[in-house]
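Source file: data.cif. Holds: mmCIF, C-alpha atoms and all ligand atoms.
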```
data_protein
#
loop_
_atom_site.label_atom_id
_atom_site.label_comp_id
_atom_site.auth_asym_id
_atom_site.auth_seq_id
_atom_site.Cartn_x
_atom_site.Cartn_y
_atom_site.Cartn_z
CA MET Q 1 -15.55 -14.12 27.11
CA THR Q 2 -17.51 -17.17 26.00
CA TYR Q 3 -16.17 -18.74 22.85
CA ARG Q 4 -18.19 -18.03 19.71
CA GLY Q 5 -16.93 -19.70 16.57
CA ARG Q 6 -18.40 -19.90 13.10
CA PHE Q 7 -18.71 -21.79 9.85
CA ALA Q 8 -18.72 -19.35 6.92
CA PRO Q 9 -19.22 -21.41 3.76
CA SER Q 10 -19.89 -19.87 0.36
CA PRO Q 11 -22.62 -21.80 -1.46
CA THR Q 12 -20.64 -21.67 -4.69
CA GLY Q 13 -19.52 -25.30 -4.87
CA PRO Q 14 -19.76 -28.63 -3.06
CA LEU Q 15 -17.72 -29.48 0.03
CA HIS Q 16 -14.58 -31.54 -0.52
CA LEU Q 17 -12.39 -33.20 2.09
CA GLY Q 18 -10.34 -30.01 2.57
CA ASN Q 19 -13.34 -27.82 3.47
CA ALA Q 20 -14.69 -30.66 5.58
CA ARG Q 21 -11.47 -30.83 7.58
CA THR Q 22 -11.55 -27.08 8.22
CA ALA Q 23 -15.19 -27.42 9.31
CA LEU Q 24 -14.33 -30.34 11.62
CA LEU Q 25 -11.55 -28.30 13.27
CA ALA Q 26 -13.78 -25.23 13.66
CA TRP Q 27 -16.42 -27.47 15.24
CA LEU Q 28 -13.92 -29.20 17.55
CA ALA Q 29 -12.39 -25.91 18.71
CA ALA Q 30 -15.85 -24.57 19.60
CA ARG Q 31 -17.00 -27.76 21.29
CA ALA Q 32 -13.74 -28.23 23.22
CA ALA Q 33 -14.16 -24.66 24.54
CA ARG Q 34 -17.85 -25.39 25.36
CA GLY Q 35 -18.65 -22.50 23.07
CA THR Q 36 -21.31 -21.60 20.56
CA LEU Q 37 -21.03 -22.25 16.85
CA VAL Q 38 -22.66 -19.96 14.30
CA MET Q 39 -23.48 -20.89 10.71
CA ARG Q 40 -23.19 -17.88 8.41
CA VAL Q 41 -23.82 -18.35 4.71
CA GLU Q 42 -21.53 -16.14 2.60
CA ASP Q 43 -23.65 -15.67 -0.49
CA LEU Q 44 -22.63 -12.19 -1.65
CA ASP Q 45 -21.09 -13.38 -4.88
CA ARG Q 46 -24.51 -13.86 -6.50
CA PRO Q 47 -23.44 -15.04 -9.98
CA ARG Q 48 -21.38 -17.85 -8.43
CA VAL Q 49 -24.02 -18.98 -5.93
CA HIS Q 50 -25.58 -22.28 -7.02
CA PRO Q 51 -29.28 -22.78 -6.35
CA GLY Q 52 -29.73 -25.52 -3.78
CA MET Q 53 -26.08 -25.45 -2.68
CA GLU Q 54 -26.78 -23.84 0.70
CA ALA Q 55 -29.19 -26.63 1.66
CA ARG Q 56 -26.70 -29.22 0.43
CA LEU Q 57 -23.77 -27.77 2.44
CA LEU Q 58 -25.85 -27.66 5.61
CA ASP Q 59 -27.10 -31.20 5.06
CA GLU Q 60 -23.59 -32.59 4.43
CA LEU Q 61 -22.09 -30.93 7.50
CA ARG Q 62 -24.87 -32.40 9.63
CA TRP Q 63 -24.28 -35.80 8.04
CA LEU Q 64 -20.66 -35.54 9.25
CA GLY Q 65 -22.00 -34.85 12.75
CA LEU Q 66 -21.01 -31.16 12.69
CA GLY Q 67 -24.05 -29.25 13.93
CA TRP Q 68 -24.30 -25.57 14.90
CA ASP Q 69 -26.28 -23.53 17.41
CA GLU Q 70 -27.36 -20.48 15.37
CA GLY Q 71 -27.84 -20.16 11.65
CA PRO Q 72 -30.21 -19.40 8.78
CA ASP Q 73 -32.16 -22.59 9.44
CA LEU Q 74 -32.21 -22.29 13.25
CA GLY Q 75 -32.38 -18.54 13.79
CA GLY Q 76 -30.69 -16.99 16.83
CA PRO Q 77 -29.97 -13.68 18.51
CA CYS Q 78 -27.53 -12.39 15.84
CA GLY Q 79 -29.54 -13.05 12.68
CA PRO Q 80 -30.07 -12.84 9.82
CA TYR Q 81 -27.32 -15.37 9.10
CA ARG Q 82 -27.11 -14.93 5.32
CA GLN Q 83 -24.81 -12.18 4.08
CA SER Q 84 -27.11 -11.33 1.19
CA GLU Q 85 -29.65 -10.18 3.81
CA LEU Q 86 -27.14 -7.91 5.57
CA GLY Q 87 -26.52 -5.28 2.89
CA GLY Q 88 -27.80 -2.41 5.08
CA ARG Q 89 -25.27 -3.20 7.78
CA HIS Q 90 -22.43 -3.41 5.26
CA GLN Q 91 -23.41 -0.10 3.70
CA ALA Q 92 -23.55 1.60 7.11
CA ALA Q 93 -19.98 0.43 7.82
CA VAL Q 94 -18.74 1.85 4.51
CA ARG Q 95 -20.47 5.17 5.31
CA ARG Q 96 -18.62 5.27 8.63
CA LEU Q 97 -15.29 4.71 6.89
CA ARG Q 98 -16.15 7.33 4.31
CA ASP Q 99 -17.21 9.89 6.93
CA ALA Q 100 -13.92 9.31 8.77
CA GLY Q 101 -11.98 9.91 5.54
CA LEU Q 102 -10.86 6.27 5.53
CA ALA Q 103 -12.61 5.21 2.32
CA TYR Q 104 -12.61 6.97 -1.03
CA PRO Q 105 -14.48 6.51 -4.30
CA CYS Q 106 -12.63 4.58 -6.98
CA PHE Q 107 -13.59 4.72 -10.63
CA CYS Q 108 -11.11 2.15 -11.89
CA SER Q 109 -12.91 -0.59 -13.78
CA ARG Q 110 -10.66 -3.48 -13.01
CA ALA Q 111 -11.53 -7.15 -12.75
CA GLU Q 112 -10.42 -6.92 -9.13
CA ILE Q 113 -13.37 -4.68 -8.29
CA ALA Q 114 -15.78 -7.08 -9.94
CA ALA Q 115 -14.32 -10.02 -8.00
CA ALA Q 116 -14.29 -8.28 -4.61
CA ALA Q 117 -17.35 -10.11 -3.23
CA GLN Q 118 -15.41 -13.36 -3.43
CA ALA Q 119 -12.89 -14.37 -0.75
CA PRO Q 120 -9.38 -14.46 -2.29
CA HIS Q 121 -8.14 -18.02 -1.97
CA GLY Q 122 -4.42 -17.50 -2.35
CA PRO Q 123 -2.21 -14.64 -3.57
CA ALA Q 124 -3.08 -15.16 -7.25
CA ASP Q 125 -6.70 -14.11 -6.51
CA ASP Q 126 -5.58 -10.79 -5.11
CA GLY Q 127 -4.15 -9.25 -8.23
CA PRO Q 128 -1.35 -6.68 -8.23
CA ARG Q 129 -0.94 -3.95 -5.59
CA TYR Q 130 -3.36 -1.06 -6.20
CA PRO Q 131 -1.22 1.86 -7.41
CA GLY Q 132 -3.49 4.49 -5.81
CA THR Q 133 -4.95 5.88 -9.04
CA CYS Q 134 -8.08 7.35 -7.39
CA ARG Q 135 -6.58 8.03 -3.94
CA ASP Q 136 -6.19 11.79 -4.30
CA LEU Q 137 -8.85 12.86 -6.80
CA SER Q 138 -10.10 16.40 -6.18
CA PRO Q 139 -13.73 16.82 -5.05
CA VAL Q 140 -14.49 18.40 -8.43
CA GLU Q 141 -13.05 15.43 -10.29
CA VAL Q 142 -14.97 13.00 -8.06
CA ALA Q 143 -18.23 14.87 -8.74
CA ARG Q 144 -17.59 14.88 -12.49
CA ARG Q 145 -16.82 11.16 -12.64
CA ALA Q 146 -19.63 10.21 -10.29
CA GLY Q 147 -21.99 11.83 -12.80
CA GLU Q 148 -20.83 9.27 -15.37
CA ARG Q 149 -20.89 6.13 -13.26
CA ALA Q 150 -21.13 4.90 -9.68
CA PRO Q 151 -17.78 4.37 -7.95
CA ALA Q 152 -16.51 1.44 -5.90
CA TRP Q 153 -15.11 2.35 -2.46
CA ARG Q 154 -11.57 1.67 -1.33
CA PHE Q 155 -10.10 1.60 2.15
CA ARG Q 156 -7.18 4.00 2.61
CA VAL Q 157 -4.36 1.86 4.02
CA ALA Q 158 -1.78 3.53 6.26
CA PRO Q 159 1.86 2.43 5.86
CA GLY Q 160 3.31 -0.01 8.39
CA GLN Q 161 3.23 -3.58 9.59
CA VAL Q 162 0.17 -5.35 10.96
CA ALA Q 163 1.14 -8.05 13.45
CA PHE Q 164 -1.02 -10.77 14.93
CA GLU Q 165 -0.78 -14.17 16.58
CA ASP Q 166 -2.27 -17.19 14.82
CA ALA Q 167 -3.13 -20.32 16.82
CA VAL Q 168 -1.57 -22.55 14.14
CA HIS Q 169 1.03 -20.37 12.41
CA GLY Q 170 2.26 -18.43 15.46
CA PRO Q 171 3.36 -14.80 15.09
CA CYS Q 172 2.43 -13.32 11.70
CA ARG Q 173 3.02 -9.88 10.22
CA SER Q 174 2.19 -8.18 6.98
CA ASP Q 175 2.62 -4.77 5.38
CA VAL Q 176 -0.72 -4.24 3.63
CA ALA Q 177 0.25 -0.88 2.13
CA ALA Q 178 3.28 -2.46 0.45
CA THR Q 179 1.68 -5.72 -0.69
CA THR Q 180 -1.99 -4.98 -1.43
CA GLY Q 181 -2.35 -1.23 -1.19
CA ASP Q 182 -5.76 0.40 -0.76
CA PHE Q 183 -8.35 -2.35 -1.14
CA VAL Q 184 -11.98 -2.45 -2.21
CA VAL Q 185 -14.58 -2.47 0.58
CA MET Q 186 -17.65 -1.99 -1.60
CA ARG Q 187 -18.26 -2.59 -5.26
CA ALA Q 188 -19.90 -0.05 -7.52
CA ASP Q 189 -23.13 -2.08 -7.43
CA GLY Q 190 -23.33 -1.58 -3.64
CA ILE Q 191 -22.36 -5.17 -2.77
CA ALA Q 192 -19.85 -5.35 0.09
CA ALA Q 193 -16.44 -6.78 -0.65
CA TYR Q 194 -15.57 -10.00 1.18
CA GLN Q 195 -12.97 -8.21 3.36
CA LEU Q 196 -15.53 -5.76 4.72
CA ALA Q 197 -18.49 -8.13 5.00
CA VAL Q 198 -16.55 -10.76 6.93
CA VAL Q 199 -15.35 -8.19 9.49
CA VAL Q 200 -18.70 -6.47 9.98
CA ASP Q 201 -20.56 -9.77 10.25
CA ASP Q 202 -18.06 -11.52 12.53
CA ALA Q 203 -18.21 -8.51 14.85
CA ALA Q 204 -22.02 -8.29 14.74
CA MET Q 205 -22.27 -12.02 15.45
CA ARG Q 206 -19.84 -11.52 18.36
CA ILE Q 207 -17.43 -14.11 16.96
CA THR Q 208 -14.44 -14.53 19.28
CA ASP Q 209 -12.54 -17.16 17.26
CA VAL Q 210 -12.18 -17.55 13.51
CA VAL Q 211 -11.04 -20.95 12.21
CA ARG Q 212 -10.58 -21.08 8.43
CA GLY Q 213 -8.27 -22.29 5.67
CA ASP Q 214 -4.79 -20.79 5.55
CA ASP Q 215 -5.35 -19.69 1.96
CA LEU Q 216 -7.10 -16.77 3.73
CA LEU Q 217 -4.11 -15.99 5.98
CA PRO Q 218 -3.04 -13.12 3.65
CA SER Q 219 -6.49 -11.50 4.15
CA THR Q 220 -6.20 -11.30 7.93
CA ALA Q 221 -4.03 -8.17 8.10
CA ARG Q 222 -6.50 -6.30 5.89
CA GLN Q 223 -9.34 -7.41 8.13
CA LEU Q 224 -7.47 -6.29 11.26
CA LEU Q 225 -7.08 -2.83 9.71
CA LEU Q 226 -10.85 -2.71 9.21
CA TYR Q 227 -11.55 -3.86 12.78
CA GLY Q 228 -9.34 -1.01 13.98
CA ALA Q 229 -10.87 1.60 11.66
CA LEU Q 230 -14.42 0.63 12.64
CA GLY Q 231 -13.60 0.46 16.36
CA LEU Q 232 -14.57 -3.23 16.51
CA GLN Q 233 -13.08 -5.96 18.67
CA ALA Q 234 -11.06 -8.36 16.50
CA PRO Q 235 -11.37 -12.13 17.06
CA ARG Q 236 -8.53 -14.62 17.52
CA PHE Q 237 -7.51 -16.53 14.40
CA ALA Q 238 -6.55 -20.12 13.63
CA HIS Q 239 -5.63 -20.72 9.99
CA VAL Q 240 -5.77 -24.37 9.11
CA PRO Q 241 -3.35 -25.71 6.46
CA LEU Q 242 -5.03 -26.96 3.32
CA VAL Q 243 -5.44 -30.57 2.36
CA VAL Q 244 -3.45 -31.27 -0.81
CA GLY Q 245 -3.05 -34.28 -3.09
CA GLU Q 246 -0.19 -36.76 -2.90
CA ASP Q 247 1.77 -34.54 -5.33
CA GLY Q 248 1.41 -31.49 -3.05
CA GLU Q 249 -1.02 -29.78 -5.45
CA ARG Q 250 -4.38 -28.34 -4.47
CA LEU Q 251 -6.95 -31.13 -4.07
CA ALA Q 252 -8.64 -32.04 -7.36
CA LYS Q 253 -10.56 -34.88 -8.96
CA ARG Q 254 -7.40 -36.59 -10.22
CA HIS Q 255 -6.36 -37.21 -6.61
CA GLY Q 256 -9.29 -39.57 -6.30
CA ALA Q 257 -10.93 -37.33 -3.72
CA GLY Q 258 -14.44 -36.56 -4.90
CA SER Q 259 -16.80 -34.22 -3.12
CA LEU Q 260 -18.28 -35.18 0.20
CA GLY Q 261 -21.57 -35.77 -1.61
CA GLU Q 262 -19.91 -38.26 -3.97
CA LEU Q 263 -18.33 -40.17 -1.08
CA ARG Q 264 -21.67 -40.25 0.70
CA GLY Q 265 -23.39 -41.40 -2.49
CA ALA Q 266 -20.84 -44.23 -2.79
CA GLY Q 267 -21.95 -45.52 0.61
CA VAL Q 268 -19.00 -44.23 2.65
CA ALA Q 269 -19.90 -43.88 6.34
CA PRO Q 270 -19.50 -40.49 8.04
CA GLU Q 271 -17.34 -42.18 10.72
CA ALA Q 272 -14.87 -43.23 8.01
CA VAL Q 273 -14.66 -39.66 6.67
CA VAL Q 274 -14.28 -38.14 10.14
CA GLY Q 275 -11.62 -40.74 10.99
CA LEU Q 276 -9.65 -39.85 7.85
CA LEU Q 277 -9.91 -36.10 8.61
CA ALA Q 278 -8.82 -36.75 12.19
CA ALA Q 279 -5.80 -38.74 10.97
CA LEU Q 280 -4.87 -35.87 8.64
CA SER Q 281 -5.05 -33.54 11.65
CA GLY Q 282 -2.82 -35.48 14.05
CA LEU Q 283 -5.86 -36.39 16.17
CA ALA Q 284 -6.11 -40.12 15.44
CA PRO Q 285 -4.06 -42.91 13.84
CA ALA Q 286 -4.65 -43.74 10.17
CA GLY Q 287 -7.56 -46.08 9.60
CA THR Q 288 -9.59 -44.77 12.56
CA ARG Q 289 -13.39 -44.66 12.34
CA CYS Q 290 -14.94 -42.28 14.80
CA THR Q 291 -17.53 -39.58 15.32
CA ALA Q 292 -16.70 -35.91 15.70
CA ASP Q 293 -17.90 -36.16 19.32
CA ASP Q 294 -15.23 -38.81 20.01
CA LEU Q 295 -12.51 -36.27 19.13
CA VAL Q 296 -13.54 -33.37 21.38
CA GLY Q 297 -11.58 -34.53 24.47
CA GLY Q 298 -8.28 -34.95 22.59
CA PHE Q 299 -8.49 -31.77 20.52
CA GLY Q 300 -5.69 -29.19 20.71
CA TRP Q 301 -4.11 -26.85 18.15
CA GLY Q 302 -0.69 -28.13 19.20
CA ARG Q 303 -1.49 -31.50 17.60
CA LEU Q 304 -2.25 -30.07 14.18
CA PRO Q 305 0.72 -30.23 11.77
CA ARG Q 306 1.57 -26.77 10.38
CA GLU Q 307 2.25 -27.99 6.89
CA SER Q 308 -0.42 -28.92 4.32
CA ALA Q 309 -1.98 -32.34 4.91
CA ARG Q 310 -1.21 -34.76 2.11
CA LEU Q 311 -4.13 -36.92 1.17
CA LEU Q 312 -3.05 -40.33 -0.09
CA VAL Q 313 -5.18 -41.79 -2.88
CA GLY Q 314 -5.18 -45.14 -1.09
CA ALA Q 315 -6.66 -43.54 2.01
CA VAL Q 316 -9.66 -42.27 0.08
CA ALA Q 317 -10.11 -45.58 -1.76
CA ALA Q 318 -10.04 -47.38 1.60
CA LEU Q 319 -13.00 -45.34 2.84
CA ALA Q 320 -15.45 -47.25 0.73
CA ARG Q 321 -14.38 -50.60 2.15
N1 LIG V 401 -16.82 -17.67 2.76
C1 LIG V 401 -15.40 -17.78 2.68
C2 LIG V 401 -15.05 -18.94 1.79
O1 LIG V 401 -15.81 -19.52 1.19
C3 LIG V 401 -14.75 -17.99 4.01
C4 LIG V 401 -14.54 -16.71 4.69
C5 LIG V 401 -13.88 -16.78 6.04
O2 LIG V 401 -13.85 -17.83 6.67
O3 LIG V 401 -13.42 -15.74 6.47
O4 LIG V 401 -13.95 -19.27 1.68
#
```

For the file at hand, write its structure as C-alpha cells.
Amino acid sequence: MTYRGRFAPSPTGPLHLGNARTALLAWLAARAARGTLVMRVEDLDRPRVHPGMEARLLDELRWLGLGWDEGPDLGGPCGPYRQSELGGRHQAAVRRLRDAGLAYPCFCSRAEIAAAAQAPHGPADDGPRYPGTCRDLSPVEVARRAGERAPAWRFRVAPGQVAFEDAVHGPCRSDVAATTGDFVVMRADGIAAYQLAVVVDDAAMRITDVVRGDDLLPSTARQLLLYGALGLQAPRFAHVPLVVGEDGERLAKRHGAGSLGELRGAGVAPEAVVGLLAALSGLAPAGTRCTADDLVGGFGWGRLPRESARLLVGAVAALAR
C-alpha cells in the first residue's frame, strides 16, 4: 500500500514550535516513504475558527519547506479537503451506526456535547466518564424527548481492551468503556464530533499513516472502535511527544517561544527553525541550520526520543542571531 500521510490542522490558532515539529515529522515520514501528503483543514469547531487562519497556517508550513500534494488549495482525488464541507459524509456515517444499533440519541445537555467538535488535547478536555444516562431509553421516551429538542448521538462502547501498536510509543492499550464510556459522535446541531469526523475523513482520504501529537494518544482507541464499527481500514499511528518549556510545562509565551509567525516576523530564517526542530527530534546536533529536504535521508522513528522535547529558552533566542 502506498503511504498516504496527512496534516490535519485546526485553524483556531497560530502554529507554535510544537505544532511545527509535529508537522515536520509528518512531512518527513511521508517523504522518506516516498508517499503522498494530504492537507485537511479541520474547521468543524466554527466558533473557534479564526478568519484568515487557514491561509496563514498553509503559508507558514510552506515557508518552513513543508509542502503537500493534495489539499483545499491544490485539489486532488479525495476532496473536498475542508471538514466543514464534508457534513453529508459525516451524517451518513452516523446513520450507519444508528441503523446498526451502535449509536443512540442522547439528550444530556452537558458541556462535553458542546465541545465535541474540538479534538481533546489531553485527558482534562475529555471530562468524566459518561455514566450511560440515555443508553437505554425506551422508544416512547426517545420520541417524547425528541419532540422537545434534537438529540446528540453517542457511540455505544462495548466492554474490553483496545490494543494497538504506535510507531513511537510501542504497544498501547485502553479500555474505552471503563475510561470514557459511550462518546459523542454527532452534536445536536448536526456537526460531527472530532472522533467521528477524523475517522471518516482519514478513511475517505485513504490515509495509511497518522502522525500527530501524543496529546491525542488517548483518542486513538475510540477511533479504532469507530473504524471497526464502520467496517473501515484503520491507519497506522505515530504519536509524537509534545514540545514543552524548560520547566516541563506545556509551551507558552513565558518560555520565550512565540508563534512561528512571530519568529518569521523577527527575521528568523526557516533553516534555523527547521534545524532547531530537527535537534529536538534527535535528527541533528544542536545549532544545525538545514532544510526539511536535508533531513529526509536520515529520518527514522527510532531516532525520536519518546519523552517530551524540552525547549531551552536560549535555543529560541539563538535563532534570531
Ligand atoms: N485537528 C486536530 C488538532 O488540531 C488534529 C486531529 C488529528 O490529527 O487527528 O489537533

Exercise for the section: Identify, on the basis of only C-alpha atoms, every residue whose closest approach to Asp43 of chain Q does not exceed 9 Å; exclude the query and any residue fewer than 6 positions from it along the same chain; express the result as a count of residues only. Expected result: 10

Practice task
Write out as an MDAnalysis selection string the residues lying within 12 Å of Leu44 of chain Q, counting all atoms listed in the file and excluding same-chain residues fewer than 5 positions away.
Solution key: chainID Q and resid 8:12 49:50 82:87 90 114:119 186:187 189:198

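Candidate residues Q:Asp215, Q:Asp125, Q:Glu249, Q:Glu165 were compared for distance to ligand LIG 401 (chain V), and the nearest is Q:Asp215, using all atoms listed in the file.
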
Fill in the blank from the handout: note - atom CA of Leu28 of chain Q and atom CA of Phe299 of chain Q are separated by 6.7 Å

Neighbouring residues of Ala229 of chain Q were defined as those with any atom within 9 Å, considering all atoms listed in the file; residues of the same chain fewer than 3 positions away were excluded. Please report them as a PDB file with C-alpha atoms, keeping the file's coordinate frame.
```pdb
ATOM      1  CA  LEU Q  97     -15.290   4.710   6.890  1.00  0.00           C
ATOM      2  CA  ALA Q 100     -13.920   9.310   8.770  1.00  0.00           C
ATOM      3  CA  LEU Q 102     -10.860   6.270   5.530  1.00  0.00           C
ATOM      4  CA  LEU Q 224      -7.470  -6.290  11.260  1.00  0.00           C
ATOM      5  CA  LEU Q 225      -7.080  -2.830   9.710  1.00  0.00           C
ATOM      6  CA  LEU Q 226     -10.850  -2.710   9.210  1.00  0.00           C
ATOM      7  CA  LEU Q 232     -14.570  -3.230  16.510  1.00  0.00           C
TER       8      LEU Q 232
END
```

Reconstruct N, CA, C and O atoms of segment 22-40 of chain Q; output as a PDB file, keeping the file's coordinate frame.
```pdb
ATOM      1  N   THR Q  22     -11.501 -28.392   7.569  1.00  0.00           N
ATOM      2  CA  THR Q  22     -11.550 -27.080   8.220  1.00  0.00           C
ATOM      3  C   THR Q  22     -12.809 -26.982   9.083  1.00  0.00           C
ATOM      4  O   THR Q  22     -12.764 -26.501  10.220  1.00  0.00           O
ATOM      5  N   ALA Q  23     -13.929 -27.466   8.548  1.00  0.00           N
ATOM      6  CA  ALA Q  23     -15.190 -27.420   9.310  1.00  0.00           C
ATOM      7  C   ALA Q  23     -15.079 -28.281  10.572  1.00  0.00           C
ATOM      8  O   ALA Q  23     -15.505 -27.861  11.655  1.00  0.00           O
ATOM      9  N   LEU Q  24     -14.485 -29.470  10.442  1.00  0.00           N
ATOM     10  CA  LEU Q  24     -14.330 -30.340  11.620  1.00  0.00           C
ATOM     11  C   LEU Q  24     -13.505 -29.630  12.697  1.00  0.00           C
ATOM     12  O   LEU Q  24     -13.855 -29.638  13.883  1.00  0.00           O
ATOM     13  N   LEU Q  25     -12.419 -28.973  12.279  1.00  0.00           N
ATOM     14  CA  LEU Q  25     -11.550 -28.300  13.270  1.00  0.00           C
ATOM     15  C   LEU Q  25     -12.248 -27.101  13.894  1.00  0.00           C
ATOM     16  O   LEU Q  25     -12.101 -26.857  15.096  1.00  0.00           O
ATOM     17  N   ALA Q  26     -13.033 -26.365  13.102  1.00  0.00           N
ATOM     18  CA  ALA Q  26     -13.780 -25.230  13.660  1.00  0.00           C
ATOM     19  C   ALA Q  26     -14.796 -25.750  14.686  1.00  0.00           C
ATOM     20  O   ALA Q  26     -14.986 -25.166  15.757  1.00  0.00           O
ATOM     21  N   TRP Q  27     -15.415 -26.859  14.353  1.00  0.00           N
ATOM     22  CA  TRP Q  27     -16.420 -27.470  15.240  1.00  0.00           C
ATOM     23  C   TRP Q  27     -15.752 -27.955  16.529  1.00  0.00           C
ATOM     24  O   TRP Q  27     -16.226 -27.686  17.629  1.00  0.00           O
ATOM     25  N   LEU Q  28     -14.615 -28.661  16.367  1.00  0.00           N
ATOM     26  CA  LEU Q  28     -13.920 -29.200  17.550  1.00  0.00           C
ATOM     27  C   LEU Q  28     -13.435 -28.089  18.471  1.00  0.00           C
ATOM     28  O   LEU Q  28     -13.565 -28.184  19.694  1.00  0.00           O
ATOM     29  N   ALA Q  29     -12.894 -27.013  17.884  1.00  0.00           N
ATOM     30  CA  ALA Q  29     -12.390 -25.910  18.710  1.00  0.00           C
ATOM     31  C   ALA Q  29     -13.528 -25.312  19.518  1.00  0.00           C
ATOM     32  O   ALA Q  29     -13.373 -25.016  20.711  1.00  0.00           O
ATOM     33  N   ALA Q  30     -14.694 -25.157  18.889  1.00  0.00           N
ATOM     34  CA  ALA Q  30     -15.850 -24.570  19.600  1.00  0.00           C
ATOM     35  C   ALA Q  30     -16.363 -25.528  20.673  1.00  0.00           C
ATOM     36  O   ALA Q  30     -16.645 -25.114  21.806  1.00  0.00           O
ATOM     37  N   ARG Q  31     -16.458 -26.801  20.327  1.00  0.00           N
ATOM     38  CA  ARG Q  31     -17.000 -27.760  21.290  1.00  0.00           C
ATOM     39  C   ARG Q  31     -16.029 -27.981  22.456  1.00  0.00           C
ATOM     40  O   ARG Q  31     -16.451 -28.100  23.608  1.00  0.00           O
ATOM     41  N   ALA Q  32     -14.726 -28.030  22.152  1.00  0.00           N
ATOM     42  CA  ALA Q  32     -13.740 -28.230  23.220  1.00  0.00           C
ATOM     43  C   ALA Q  32     -13.761 -27.054  24.187  1.00  0.00           C
ATOM     44  O   ALA Q  32     -13.483 -27.209  25.375  1.00  0.00           O
ATOM     45  N   ALA Q  33     -14.098 -25.854  23.677  1.00  0.00           N
ATOM     46  CA  ALA Q  33     -14.160 -24.660  24.540  1.00  0.00           C
ATOM     47  C   ALA Q  33     -15.563 -24.497  25.141  1.00  0.00           C
ATOM     48  O   ALA Q  33     -15.839 -23.477  25.762  1.00  0.00           O
ATOM     49  N   ARG Q  34     -16.436 -25.475  24.930  1.00  0.00           N
ATOM     50  CA  ARG Q  34     -17.850 -25.390  25.360  1.00  0.00           C
ATOM     51  C   ARG Q  34     -18.488 -24.100  24.880  1.00  0.00           C
ATOM     52  O   ARG Q  34     -19.217 -23.420  25.607  1.00  0.00           O
ATOM     53  N   GLY Q  35     -18.168 -23.756  23.640  1.00  0.00           N
ATOM     54  CA  GLY Q  35     -18.650 -22.500  23.070  1.00  0.00           C
ATOM     55  C   GLY Q  35     -19.864 -22.685  22.187  1.00  0.00           C
ATOM     56  O   GLY Q  35     -20.484 -23.761  22.149  1.00  0.00           O
ATOM     57  N   THR Q  36     -20.170 -21.627  21.480  1.00  0.00           N
ATOM     58  CA  THR Q  36     -21.310 -21.600  20.560  1.00  0.00           C
ATOM     59  C   THR Q  36     -20.762 -21.567  19.143  1.00  0.00           C
ATOM     60  O   THR Q  36     -19.736 -20.941  18.881  1.00  0.00           O
ATOM     61  N   LEU Q  37     -21.460 -22.246  18.247  1.00  0.00           N
ATOM     62  CA  LEU Q  37     -21.030 -22.250  16.850  1.00  0.00           C
ATOM     63  C   LEU Q  37     -22.134 -21.635  15.993  1.00  0.00           C
ATOM     64  O   LEU Q  37     -23.302 -22.007  16.106  1.00  0.00           O
ATOM     65  N   VAL Q  38     -21.720 -20.694  15.157  1.00  0.00           N
ATOM     66  CA  VAL Q  38     -22.660 -19.960  14.300  1.00  0.00           C
ATOM     67  C   VAL Q  38     -22.460 -20.423  12.865  1.00  0.00           C
ATOM     68  O   VAL Q  38     -21.319 -20.579  12.426  1.00  0.00           O
ATOM     69  N   MET Q  39     -23.554 -20.618  12.142  1.00  0.00           N
ATOM     70  CA  MET Q  39     -23.480 -20.890  10.710  1.00  0.00           C
ATOM     71  C   MET Q  39     -23.852 -19.610   9.964  1.00  0.00           C
ATOM     72  O   MET Q  39     -24.961 -19.102  10.117  1.00  0.00           O
ATOM     73  N   ARG Q  40     -22.884 -19.063   9.220  1.00  0.00           N
ATOM     74  CA  ARG Q  40     -23.190 -17.880   8.410  1.00  0.00           C
ATOM     75  C   ARG Q  40     -22.945 -18.214   6.943  1.00  0.00           C
ATOM     76  O   ARG Q  40     -21.841 -18.656   6.577  1.00  0.00           O
TER      77      ARG Q  40
END
```
